[in-house]
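See below for run_14.csv, which holds CSV, C-alpha atoms and all ligand atoms.
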```csv
chain,number,residue,atom,x,y,z
L,1,MET,CA,39.5,-68.1,22.1
L,2,THR,CA,37.1,-70.0,24.3
L,3,VAL,CA,33.9,-68.2,25.2
L,4,ILE,CA,33.3,-68.2,29.0
L,5,ASP,CA,30.3,-70.0,30.4
L,6,ASN,CA,28.8,-67.9,33.1
L,7,HIS,CA,25.2,-69.2,33.4
L,8,GLU,CA,25.4,-69.5,37.3
L,9,ALA,CA,25.2,-65.7,37.4
L,10,LEU,CA,21.7,-65.8,36.0
L,11,ALA,CA,18.3,-66.0,37.6
L,12,GLU,CA,17.2,-69.6,38.0
L,13,ASP,CA,14.6,-70.8,35.4
L,14,GLY,CA,11.2,-71.3,37.1
L,15,GLU,CA,11.9,-68.5,39.7
L,16,LEU,CA,9.0,-66.1,39.7
L,17,SER,CA,10.2,-63.1,37.7
L,18,GLU,CA,10.2,-59.7,39.6
L,19,ALA,CA,10.5,-58.0,36.2
L,20,SER,CA,8.7,-54.8,35.4
L,21,ALA,CA,7.2,-53.9,32.0
L,22,ARG,CA,10.2,-51.7,31.6
L,23,ASP,CA,12.5,-54.7,31.9
L,24,TYR,CA,10.6,-56.5,29.2
L,25,PHE,CA,10.7,-53.4,27.0
L,26,GLU,CA,14.5,-53.2,27.6
L,27,LEU,CA,14.7,-56.8,26.2
L,28,LEU,CA,13.6,-55.4,22.8
L,29,LYS,CA,16.7,-53.2,22.5
L,30,PRO,CA,14.4,-50.1,21.9
L,31,ARG,CA,17.2,-47.6,21.4
L,32,VAL,CA,19.0,-49.6,18.7
L,33,MET,CA,15.8,-50.8,17.1
L,34,SER,CA,14.3,-47.4,16.8
L,35,LEU,CA,16.8,-46.6,14.0
L,36,VAL,CA,16.2,-50.0,12.5
L,37,VAL,CA,12.5,-49.4,12.3
L,38,PHE,CA,13.1,-45.9,11.0
L,39,THR,CA,15.0,-47.4,8.0
L,40,ALA,CA,12.2,-49.9,7.5
L,41,PHE,CA,9.7,-46.9,7.4
L,42,ALA,CA,12.0,-45.2,4.9
L,43,GLY,CA,11.8,-48.3,2.7
L,44,LEU,CA,8.0,-48.2,2.8
L,45,VAL,CA,7.9,-44.5,2.0
L,46,LEU,CA,10.5,-44.8,-0.9
L,47,ALA,CA,8.8,-47.7,-2.6
L,48,PRO,CA,6.8,-46.9,-5.7
L,49,GLY,CA,3.0,-47.4,-5.4
L,50,HIS,CA,0.6,-47.0,-2.5
L,51,ILE,CA,-0.2,-48.8,0.7
L,52,ASN,CA,-3.3,-48.2,2.8
L,53,PRO,CA,-2.1,-46.1,5.7
L,54,VAL,CA,-3.7,-48.5,8.3
L,55,LEU,CA,-1.9,-51.4,6.7
L,56,GLY,CA,1.3,-49.4,6.5
L,57,LEU,CA,1.0,-48.7,10.3
L,58,ILE,CA,0.4,-52.4,10.9
L,59,ALA,CA,3.4,-53.2,8.8
L,60,ILE,CA,5.7,-50.9,10.7
L,61,LEU,CA,4.4,-52.2,14.1
L,62,CYS,CA,5.0,-55.8,12.9
L,63,ILE,CA,8.6,-54.9,11.9
L,64,ALA,CA,9.2,-53.1,15.2
L,65,VAL,CA,7.9,-56.1,17.2
L,66,GLY,CA,9.9,-58.5,15.1
L,67,ALA,CA,13.1,-56.4,15.5
L,68,GLY,CA,12.5,-56.3,19.3
L,69,ALA,CA,11.8,-60.0,19.4
L,70,SER,CA,15.2,-60.6,17.7
L,71,GLY,CA,16.8,-58.4,20.4
L,72,ALA,CA,15.1,-60.5,23.1
L,73,LEU,CA,16.4,-63.7,21.6
L,74,ASN,CA,19.9,-62.1,21.3
L,75,MET,CA,19.8,-61.1,25.0
L,76,TRP,CA,18.6,-64.6,26.0
L,77,TYR,CA,21.5,-66.3,24.2
L,78,ASP,CA,24.1,-63.8,25.2
L,79,ALA,CA,23.2,-63.6,28.9
L,80,ASP,CA,26.4,-65.4,29.9
L,81,ILE,CA,28.7,-62.9,28.2
L,82,ASP,CA,26.5,-59.9,28.9
L,83,ALA,CA,26.9,-60.7,32.7
L,84,VAL,CA,30.6,-60.1,32.3
L,85,MET,CA,30.9,-57.1,30.0
L,86,SER,CA,30.6,-53.7,31.8
L,87,ARG,CA,28.5,-52.3,28.9
L,88,THR,CA,25.8,-55.1,29.2
L,89,ALA,CA,26.0,-56.4,32.8
L,90,LYS,CA,22.9,-54.4,34.0
L,91,ARG,CA,20.6,-55.8,31.3
L,92,PRO,CA,17.5,-57.6,32.7
L,93,ILE,CA,18.7,-61.2,32.3
L,94,PRO,CA,22.3,-60.9,33.7
L,95,ALA,CA,20.9,-58.6,36.4
L,96,GLY,CA,18.5,-61.4,37.4
L,97,ARG,CA,15.3,-59.5,36.8
L,98,ILE,CA,14.1,-61.7,34.0
L,99,ALA,CA,14.8,-65.5,33.8
L,100,PRO,CA,16.4,-66.7,30.6
L,101,SER,CA,13.4,-69.0,29.8
L,102,GLU,CA,11.1,-66.0,30.1
L,103,ALA,CA,13.2,-64.0,27.7
L,104,LEU,CA,13.3,-66.9,25.2
L,105,ALA,CA,9.5,-67.4,25.4
L,106,PHE,CA,9.0,-63.6,25.0
L,107,GLY,CA,11.2,-63.5,21.9
L,108,LEU,CA,9.7,-66.5,20.3
L,109,VAL,CA,6.1,-65.5,20.8
L,110,LEU,CA,6.7,-61.9,19.5
L,111,SER,CA,8.6,-63.3,16.5
L,112,GLY,CA,5.7,-65.6,15.6
L,113,PHE,CA,3.1,-63.0,16.0
L,114,SER,CA,4.9,-60.3,14.1
L,115,VAL,CA,5.6,-62.6,11.1
L,116,VAL,CA,2.1,-64.1,11.0
L,117,ILE,CA,0.3,-60.8,11.3
L,118,LEU,CA,2.5,-59.1,8.7
L,119,GLY,CA,1.8,-62.0,6.3
L,120,LEU,CA,-2.0,-62.0,6.8
L,121,ALA,CA,-2.3,-58.2,6.8
L,122,VAL,CA,0.2,-57.2,4.1
L,123,ASN,CA,1.9,-59.9,2.1
L,124,TRP,CA,3.9,-63.1,2.7
L,125,LEU,CA,7.0,-61.9,0.9
L,126,SER,CA,7.6,-59.1,3.5
L,127,ALA,CA,6.7,-61.6,6.3
L,128,GLY,CA,9.2,-64.1,4.9
L,129,ILE,CA,12.0,-61.5,4.8
L,130,LEU,CA,11.1,-60.5,8.4
L,131,ALA,CA,11.2,-64.1,9.5
L,132,PHE,CA,14.5,-64.6,7.8
L,133,THR,CA,15.9,-61.4,9.4
L,134,ILE,CA,14.9,-62.5,12.8
L,135,PHE,CA,16.5,-65.9,12.2
L,136,PHE,CA,19.6,-64.4,10.7
L,137,TYR,CA,20.2,-62.1,13.7
L,138,ALA,CA,19.2,-64.5,16.5
L,139,VAL,CA,20.7,-67.7,15.1
L,140,ILE,CA,23.3,-67.0,12.3
L,141,TYR,CA,24.8,-63.9,14.0
L,142,THR,CA,24.2,-64.3,17.7
L,143,MET,CA,24.5,-68.1,18.1
L,144,TRP,CA,27.1,-68.8,15.4
L,145,LEU,CA,29.1,-66.0,13.8
L,146,LYS,CA,29.5,-63.7,16.8
L,147,ARG,CA,31.5,-66.3,18.8
L,148,SER,CA,33.4,-67.9,16.0
L,149,THR,CA,34.8,-65.3,13.5
L,150,PRO,CA,36.2,-61.8,13.5
L,151,GLN,CA,34.1,-61.2,10.4
L,152,ASN,CA,31.0,-61.8,12.6
L,153,ILE,CA,29.5,-58.4,12.3
L,154,VAL,CA,30.3,-58.0,8.5
L,155,ILE,CA,28.2,-61.1,7.7
L,156,GLY,CA,25.9,-60.6,10.6
L,157,GLY,CA,25.4,-57.0,9.6
L,158,ALA,CA,23.1,-58.3,6.8
L,159,ALA,CA,20.4,-58.8,9.5
L,160,GLY,CA,20.4,-55.1,10.3
L,161,ALA,CA,20.3,-54.2,6.6
L,162,PHE,CA,17.1,-56.1,5.7
L,163,PRO,CA,14.5,-53.7,7.3
L,164,PRO,CA,14.3,-51.2,4.5
L,165,MET,CA,13.9,-54.1,2.1
L,166,ILE,CA,11.0,-55.4,4.2
L,167,GLY,CA,9.4,-51.9,4.1
L,168,TRP,CA,9.8,-51.8,0.4
L,169,ALA,CA,8.3,-55.3,-0.1
L,170,CYS,CA,5.3,-54.3,2.1
L,171,VAL,CA,4.3,-51.8,-0.6
L,172,THR,CA,5.4,-53.5,-3.8
L,173,ASN,CA,5.5,-57.2,-2.9
L,174,THR,CA,8.9,-57.3,-4.7
L,175,VAL,CA,12.6,-57.1,-4.0
L,176,THR,CA,14.3,-54.8,-6.5
L,177,ILE,CA,17.6,-53.2,-7.3
L,178,GLU,CA,16.5,-50.1,-5.5
L,179,SER,CA,15.7,-51.9,-2.2
L,180,THR,CA,18.9,-53.9,-2.6
L,181,VAL,CA,20.8,-50.6,-2.7
L,182,LEU,CA,19.1,-49.5,0.6
L,183,PHE,CA,20.2,-52.9,2.0
L,184,LEU,CA,23.8,-52.3,0.8
L,185,ILE,CA,24.0,-48.8,2.4
L,186,ILE,CA,23.3,-50.3,5.9
L,187,PHE,CA,25.3,-53.5,5.2
L,188,LEU,CA,28.4,-51.5,4.3
L,189,TRP,CA,27.8,-49.0,7.1
L,190,THR,CA,27.7,-51.6,9.9
L,191,PRO,CA,31.5,-52.4,10.1
L,192,ALA,CA,32.5,-48.8,10.7
L,193,HIS,CA,29.6,-48.3,13.1
L,194,PHE,CA,30.4,-51.3,15.2
L,195,TRP,CA,34.2,-51.6,15.0
L,196,ALA,CA,34.5,-48.0,16.2
L,197,LEU,CA,32.8,-49.3,19.4
L,198,ALA,CA,34.7,-52.6,19.4
L,199,LEU,CA,38.0,-50.5,19.5
L,200,PHE,CA,37.1,-48.9,22.8
L,201,LYS,CA,35.4,-52.0,24.2
L,202,MET,CA,38.3,-54.4,23.4
L,203,ARG,CA,38.8,-55.3,27.0
L,204,ASP,CA,35.2,-56.3,27.4
L,205,TYR,CA,35.3,-58.6,24.4
L,206,GLU,CA,38.7,-60.0,25.5
L,207,ALA,CA,37.2,-60.8,28.9
L,208,VAL,CA,34.5,-63.0,27.3
L,209,GLY,CA,36.5,-64.4,24.5
L,210,VAL,CA,34.3,-63.0,21.7
L,211,PRO,CA,36.6,-62.8,18.5
L,212,MET,CA,35.9,-59.2,17.5
L,213,LEU,CA,38.3,-57.9,14.8
L,214,PRO,CA,40.3,-55.6,17.1
L,215,ASN,CA,40.9,-58.4,19.5
L,216,VAL,CA,41.9,-60.9,16.8
L,217,SER,CA,43.7,-58.9,14.2
L,218,GLY,CA,44.6,-55.8,16.2
L,219,GLU,CA,43.8,-52.1,16.0
L,220,ARG,CA,45.8,-51.3,12.8
L,221,VAL,CA,43.9,-53.8,10.7
L,222,THR,CA,40.6,-52.8,12.2
L,223,LYS,CA,41.3,-49.1,11.4
L,224,HIS,CA,42.2,-49.9,7.8
L,225,GLN,CA,38.9,-51.8,7.4
L,226,ILE,CA,36.9,-49.0,9.1
L,227,VAL,CA,38.2,-46.5,6.5
L,228,ALA,CA,37.6,-48.9,3.6
L,229,TYR,CA,34.0,-49.6,4.6
L,230,ALA,CA,33.3,-45.9,5.3
L,231,VAL,CA,34.4,-45.1,1.8
L,232,LEU,CA,32.3,-47.9,0.3
L,233,THR,CA,29.3,-46.7,2.4
L,234,ALA,CA,29.7,-43.1,1.2
L,235,VAL,CA,29.9,-44.2,-2.5
L,236,CYS,CA,26.9,-46.5,-2.1
L,237,ALA,CA,24.7,-43.9,-0.4
L,238,VAL,CA,25.0,-41.7,-3.6
L,239,LEU,CA,23.8,-44.5,-5.9
L,240,PRO,CA,20.0,-43.7,-5.5
L,241,SER,CA,20.6,-40.5,-7.5
L,242,PHE,CA,22.2,-42.5,-10.4
L,243,LEU,CA,19.6,-45.2,-10.3
L,244,GLY,CA,16.8,-42.7,-10.7
L,245,PHE,CA,15.0,-43.1,-7.3
L,246,ALA,CA,16.4,-40.0,-5.8
L,247,SER,CA,17.4,-36.5,-7.1
L,248,TYR,CA,20.9,-35.2,-7.6
L,249,GLY,CA,20.1,-32.8,-4.8
L,250,TYR,CA,19.9,-35.8,-2.5
L,251,GLY,CA,23.1,-37.1,-4.0
L,252,LEU,CA,24.9,-33.9,-3.0
L,253,VAL,CA,23.6,-34.2,0.6
L,254,ALA,CA,24.6,-37.9,0.7
L,255,ALA,CA,28.1,-37.0,-0.6
L,256,ALA,CA,28.5,-34.3,2.0
L,257,LEU,CA,27.4,-36.7,4.8
L,258,GLY,CA,29.7,-39.4,3.4
L,259,ALA,CA,32.6,-37.0,3.3
L,260,ILE,CA,32.2,-36.4,7.1
L,261,PHE,CA,31.7,-40.1,7.7
L,262,VAL,CA,35.0,-40.8,5.9
L,263,TYR,CA,36.7,-37.9,7.7
L,264,CYS,CA,35.7,-39.4,11.0
L,265,SER,CA,37.0,-42.8,10.0
L,266,ILE,CA,40.3,-41.3,8.9
L,267,ALA,CA,40.6,-39.7,12.4
L,268,VAL,CA,40.2,-43.2,13.9
L,269,TRP,CA,42.9,-44.5,11.5
L,270,ARG,CA,45.3,-41.7,12.5
L,271,MET,CA,44.6,-42.4,16.2
L,272,PRO,CA,47.8,-43.9,17.8
L,273,ASP,CA,47.4,-47.7,18.5
L,274,GLY,CA,47.0,-48.2,22.3
L,275,ASP,CA,45.4,-44.7,22.7
L,276,LEU,CA,43.5,-45.0,26.0
L,277,LYS,CA,40.8,-42.4,25.5
L,278,MET,CA,39.9,-43.3,21.9
L,279,ILE,CA,38.0,-40.1,21.4
L,280,PRO,CA,38.0,-40.4,17.6
L,281,ALA,CA,36.5,-43.9,17.8
L,282,LYS,CA,33.8,-42.7,20.2
L,283,LYS,CA,33.1,-39.8,17.8
L,284,LEU,CA,32.9,-42.1,14.8
L,285,PHE,CA,30.5,-44.4,16.6
L,286,ALA,CA,28.2,-41.5,17.6
L,287,PHE,CA,28.4,-39.9,14.1
L,288,SER,CA,27.7,-43.3,12.4
L,289,ILE,CA,24.2,-43.3,14.0
L,290,PHE,CA,23.5,-39.7,13.0
L,291,TYR,CA,24.8,-40.5,9.5
L,292,LEU,CA,22.4,-43.4,8.9
L,293,PHE,CA,19.5,-41.4,10.2
L,294,ALA,CA,20.4,-38.4,8.1
L,295,VAL,CA,20.9,-40.4,4.9
L,296,PHE,CA,17.5,-42.2,5.2
L,297,SER,CA,15.8,-38.9,6.2
L,298,ALA,CA,17.2,-37.2,3.2
L,299,LEU,CA,16.0,-40.0,0.9
L,300,MET,CA,12.4,-39.6,2.4
L,301,ILE,CA,12.4,-35.8,2.2
L,302,ASP,CA,13.6,-36.1,-1.4
L,303,ARG,CA,10.8,-38.5,-2.3
L,304,LEU,CA,8.1,-36.4,-0.6
L,305,ALA,CA,9.4,-33.3,-2.3
L,306,ALA,CA,9.3,-35.0,-5.7
L,307,MET,CA,5.7,-36.1,-5.0
L,308,LEU,CA,4.7,-32.6,-4.0
L,309,VAL,CA,6.3,-31.2,-7.2
L,310,SER,CA,4.5,-33.7,-9.4
L,311,GLN,CA,1.2,-33.0,-7.7
L,312,ALA,CA,1.7,-29.3,-8.1
L,313,GLY,CA,2.6,-29.8,-11.7
L,314,GLY,CA,-0.7,-31.6,-12.2
L,315,LEU,CA,-2.6,-28.6,-11.0
L,316,PHE,CA,-1.3,-26.4,-13.9
W,401,LIG,C1,25.5,-56.7,13.3
W,401,LIG,C2,25.3,-55.4,13.2
W,401,LIG,C3,25.4,-54.5,14.4
W,401,LIG,C4,26.2,-54.5,15.5
W,401,LIG,C5,27.2,-55.6,15.8
W,401,LIG,C6,25.9,-53.4,16.3
W,401,LIG,C7,26.5,-53.2,17.5
W,401,LIG,C8,26.1,-52.2,18.4
W,401,LIG,C9,26.4,-52.1,19.8
W,401,LIG,C10,27.2,-53.2,20.5
W,401,LIG,C11,25.8,-51.0,20.3
W,401,LIG,C12,25.8,-50.5,21.7
W,401,LIG,C13,24.5,-51.0,22.3
W,401,LIG,C14,24.5,-50.9,23.8
W,401,LIG,O1,25.5,-50.7,24.4
W,401,LIG,O2,23.4,-51.1,24.3
W,401,LIG,C15,25.1,-50.4,19.2
W,401,LIG,C16,24.4,-49.2,19.4
W,401,LIG,C17,23.5,-48.8,18.4
W,401,LIG,N1,23.3,-49.3,17.2
W,401,LIG,FE1,24.3,-50.8,16.3
W,401,LIG,N2,25.0,-52.6,15.7
W,401,LIG,C18,24.6,-53.2,14.5
W,401,LIG,C19,23.7,-52.8,13.6
W,401,LIG,C20,22.9,-51.7,13.8
W,401,LIG,C21,21.9,-51.3,12.8
W,401,LIG,C22,21.6,-52.1,11.6
W,401,LIG,C23,21.4,-50.2,13.3
W,401,LIG,C24,20.3,-49.3,12.8
W,401,LIG,C25,19.9,-49.4,11.5
W,401,LIG,C26,22.1,-49.9,14.6
W,401,LIG,C27,21.8,-48.8,15.4
W,401,LIG,C28,22.3,-48.5,16.6
W,401,LIG,C29,21.9,-47.5,17.5
W,401,LIG,C30,20.9,-46.4,17.2
W,401,LIG,C31,22.7,-47.6,18.6
W,401,LIG,C32,22.7,-46.7,19.9
W,401,LIG,C33,21.9,-47.3,20.9
W,401,LIG,C34,22.0,-46.4,22.2
W,401,LIG,O3,22.1,-45.2,22.1
W,401,LIG,O4,22.0,-47.1,23.3
W,401,LIG,N3,23.0,-50.8,14.8
W,401,LIG,N4,25.3,-51.1,18.1
W,402,LIG,C1,13.4,-56.7,11.7
W,402,LIG,C2,14.6,-57.2,12.4
W,402,LIG,C3,14.6,-58.6,12.9
W,402,LIG,C4,15.7,-56.3,12.6
W,402,LIG,C5,16.9,-56.7,13.3
W,402,LIG,C6,17.9,-55.6,13.0
W,402,LIG,C7,19.3,-55.9,13.6
W,402,LIG,C8,19.8,-57.2,13.5
W,402,LIG,C9,19.9,-55.0,14.3
W,402,LIG,C10,21.3,-55.2,14.9
W,402,LIG,C11,21.3,-54.6,16.3
W,402,LIG,C12,22.5,-54.9,17.1
W,402,LIG,C13,22.7,-54.0,18.2
W,402,LIG,C14,23.3,-55.9,16.9
W,402,LIG,C15,24.4,-56.1,17.8
W,402,LIG,O1,24.2,-57.3,18.5
W,402,LIG,P1,25.3,-57.7,19.6
W,402,LIG,O2,24.9,-58.9,20.3
W,402,LIG,O3,26.7,-57.6,18.9
W,402,LIG,O4,25.2,-56.4,20.6
W,402,LIG,P2,25.2,-56.4,22.2
W,402,LIG,O5,26.6,-56.9,22.6
W,402,LIG,O6,25.0,-54.9,22.5
W,402,LIG,O7,24.1,-57.3,22.6
```

Represent the structure of the file as structure tokens.
Amino acid sequence: MTVIDNHEALAEDGELSEASARDYFELLKPRVMSLVVFTAFAGLVLAPGHINPVLGLIAILCIAVGAGASGALNMWYDADIDAVMSRTAKRPIPAGRIAPSEALAFGLVLSGFSVVILGLAVNWLSAGILAFTIFFYAVIYTMWLKRSTPQNIVIGGAAGAFPPMIGWACVTNTVTIESTVLFLIIFLWTPAHFWALALFKMRDYEAVGVPMLPNVSGERVTKHQIVAYAVLTAVCAVLPSFLGFASYGYGLVAAALGAIFVYCSIAVWRMPDGDLKMIPAKKLFAFSIFYLFAVFSALMIDRLAAMLVSQAGGLF
């Protein structure tokens, strides 16, 4: 598949941008990155040890800015295909409100600032993982994998899975088995999350020649893999209870959420190929977002409850 080259639809570099602050904010992919930052916050809360609340706030702000910066770099590079896809055509660059060079500069400056400030204020391990995550999403996924292989989002999904590991490293200055499990939950969750959308956006990706799995291998293969990854996610999300950094009560909640996630994925698998409305796929995509939010919320509630119990125990 050859990816289209549609740069003539974009604002000319050097033209004075008529962009509003809202347009620049939209470059940061705030709706997507809000859940990304939430998982980073969860990693910071779940990590053993203590971080000064002010430094913790600075850490979360740096991760948020770094995530947004990677979104701006993604939109800069993808402006040609975004201009063609119905879902993305109204974004600031294809709509001509921000010039590509402005988006590139914006993304690079925010990337640099977020990494340097995190390194100076907290530690260089978390700053290094942040820098690697920005690079992985903006270069490895966006510039290479996305346009070259149907496994793009499986490998590229690693970028979206690092944030809780960054939050954990902000507190402990380490990468551990526990933070790797948090990484794995998101890594395994990504394929079911995105391929549900890719199923009902097949025509968009066909139009721009991006090799998403449904377009390359068909709906049936994609549905099989959606179920497989949903099952793997559900199993992985229960692991914190068996690794000792969450209670068995959390494990029951994660198992129930995972059962619904797998149920939704099976509904997609049972959806007839060529179904036009694809309601089960849209339901899975929507639930996938709630699922990830709910799992990481349950982990944090479980941790805070354990802290309260241990403090109460210390009173008697
Ligand atoms: C390579 C990995 C991923 C891919 C390919 C992917 C793909 C997408 C796409 C195409 C959308 C629709 C966005 C739009 O139309 O503006 C979306 C929405 C969303 N994604 Fe993902 N995603 C990935 C990873 C993640 C991760 C790691 C998170 C959070 C931890 C996440 C959270 C969300 C949220 C919250 C939305 C809904 C945004 C909205 O309501 O507009 N995604 N995703
Ligand atoms: C801290 C840090 C750097 C975090 C980054 C987290 C991350 C990589 C999240 C993935 C977000 C996302 C929507 C990817 C899809 O890109 P796409 O190009 O396939 O989606 P699009 O077509 O909507 O632009």

query: Within 9 Å of ligand LIG 401 (chain W), counting only C-alpha atoms and all ligand atoms: which residues, as a VMD selection string?
result: chain L and resid 29 to 40 87 to 88 91 137 141 to 142 146 152 to 163 186 to 187 189 to 191 193 to 195 197 to 198 285 to 286 288 to 290 292 to 293

Work out how far apart atom CA of L:Gly313 and atom CA of L:Leu46 are and give it in Å to one decimal.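 Between these atoms lies a distance of 20.1 Å.
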
Please work out which residues fall within 12 Å of (39.3, -58.2, 14.4), coordinates as given in the file, with only C-alpha atoms counting, and return them as a count of residues only. 34

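Taking atom CA of L:Thr180 as the reference point, atom C11 of ligand LIG 402 (chain W) is found at 19.1 Å.
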
Using all atoms listed in the file, pick whichever of L:Phe245, L:Trp269, L:Phe41, L:Tyr229 has the shortest atom-to-atom distance to ligand LIG 402 (chain W).
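Residue with the minimum atom-to-atom distance to ligand LIG 402 (chain W): L:Phe41.
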
_Option closest in space to ligand LIG 402 (chain W), from L:Tyr24, L:Trp124, L:Phe132, L:Phe113 [counting all atoms listed in the file]_ =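 Of L:Tyr24, L:Trp124, L:Phe132, L:Phe113, the one nearest ligand LIG 402 (chain W) is L:Phe132, counting all atoms listed in the file.
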
- Point-to-point distance in Å for atom CA of L:Asp302 and atom CA of L:Gly249: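 Distance reported for this atom pair: 8.0 Å.
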
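Among the candidates L:Leu27, L:Ala21, L:Leu130, L:Val116, the one nearest to ligand LIG 402 (chain W) when counting all atoms listed in the file is L:Leu130.
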
Restricting the calculation to all atoms listed in the file: of L:Val171, L:Ile260, L:Ile301, L:Ala281, which residue gets closest to L:Leu55?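 For L:Leu55, the nearest of the given residues is L:Val171.
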
Item checked: Polymer residues at most 8 Å from L:Gly167, only C-alpha atoms, same-chain spacing of 3 or more positions, as number ranges by chain -> L: 40-45, 47, 59-60, 126, 163-164, 170-171

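Near L:Ala89, within a cut-off of 10 Å and counting all atoms listed in the file, sit the residues Ala79, Asp80, Ile81, Asp82, Ala83 and Ala95 of chain L, with same-chain residues fewer than 6 positions away left out.
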
Okay, now the selection with C-alpha atoms, as an mmCIF file, in the coordinates of the input?
```
data_model
loop_
_atom_site.group_PDB
_atom_site.id
_atom_site.type_symbol
_atom_site.label_atom_id
_atom_site.label_comp_id
_atom_site.auth_asym_id
_atom_site.auth_seq_id
_atom_site.Cartn_x
_atom_site.Cartn_y
_atom_site.Cartn_z
ATOM 1 C CA ALA L 79 23.200 -63.600 28.900
ATOM 2 C CA ASP L 80 26.400 -65.400 29.900
ATOM 3 C CA ILE L 81 28.700 -62.900 28.200
ATOM 4 C CA ASP L 82 26.500 -59.900 28.900
ATOM 5 C CA ALA L 83 26.900 -60.700 32.700
ATOM 6 C CA ALA L 95 20.900 -58.600 36.400
#
```

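The closest residue to ligand LIG 402 (chain W), picked from L:Phe242, L:Phe106, L:Phe25, L:Phe136 and counting all atoms listed in the file, is L:Phe136.
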
Counting all atoms listed in the file, the residue among L:Glu102, L:Glu18, L:Asp273, L:Asp204 that lies closest to ligand LIG 402 (chain W) is L:Asp204

So which residues are close to (4.2, -61.4, 6.4), meaning at most 9 Å away in the file's coordinates with all atoms listed in the file counted, and can you show them as JSON, numbers by chain? {"L": [59, 62, 114, 115, 116, 117, 118, 119, 120, 121, 122, 123, 124, 125, 126, 127, 128, 129, 130, 131, 170]}

Please dump the current selection as a compact mmCIF listing (two decimals), in the coordinates of the input; keep C-alpha atoms.
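Saved the output as again-v3.txt:
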```txt
# COMPACT_ATOMS: atom_id res chain seq x y z
CA ALA L 59 3.40 -53.20 8.80
CA CYS L 62 5.00 -55.80 12.90
CA SER L 114 4.90 -60.30 14.10
CA VAL L 115 5.60 -62.60 11.10
CA VAL L 116 2.10 -64.10 11.00
CA ILE L 117 0.30 -60.80 11.30
CA LEU L 118 2.50 -59.10 8.70
CA GLY L 119 1.80 -62.00 6.30
CA LEU L 120 -2.00 -62.00 6.80
CA ALA L 121 -2.30 -58.20 6.80
CA VAL L 122 0.20 -57.20 4.10
CA ASN L 123 1.90 -59.90 2.10
CA TRP L 124 3.90 -63.10 2.70
CA LEU L 125 7.00 -61.90 0.90
CA SER L 126 7.60 -59.10 3.50
CA ALA L 127 6.70 -61.60 6.30
CA GLY L 128 9.20 -64.10 4.90
CA ILE L 129 12.00 -61.50 4.80
CA LEU L 130 11.10 -60.50 8.40
CA ALA L 131 11.20 -64.10 9.50
CA CYS L 170 5.30 -54.30 2.10
```
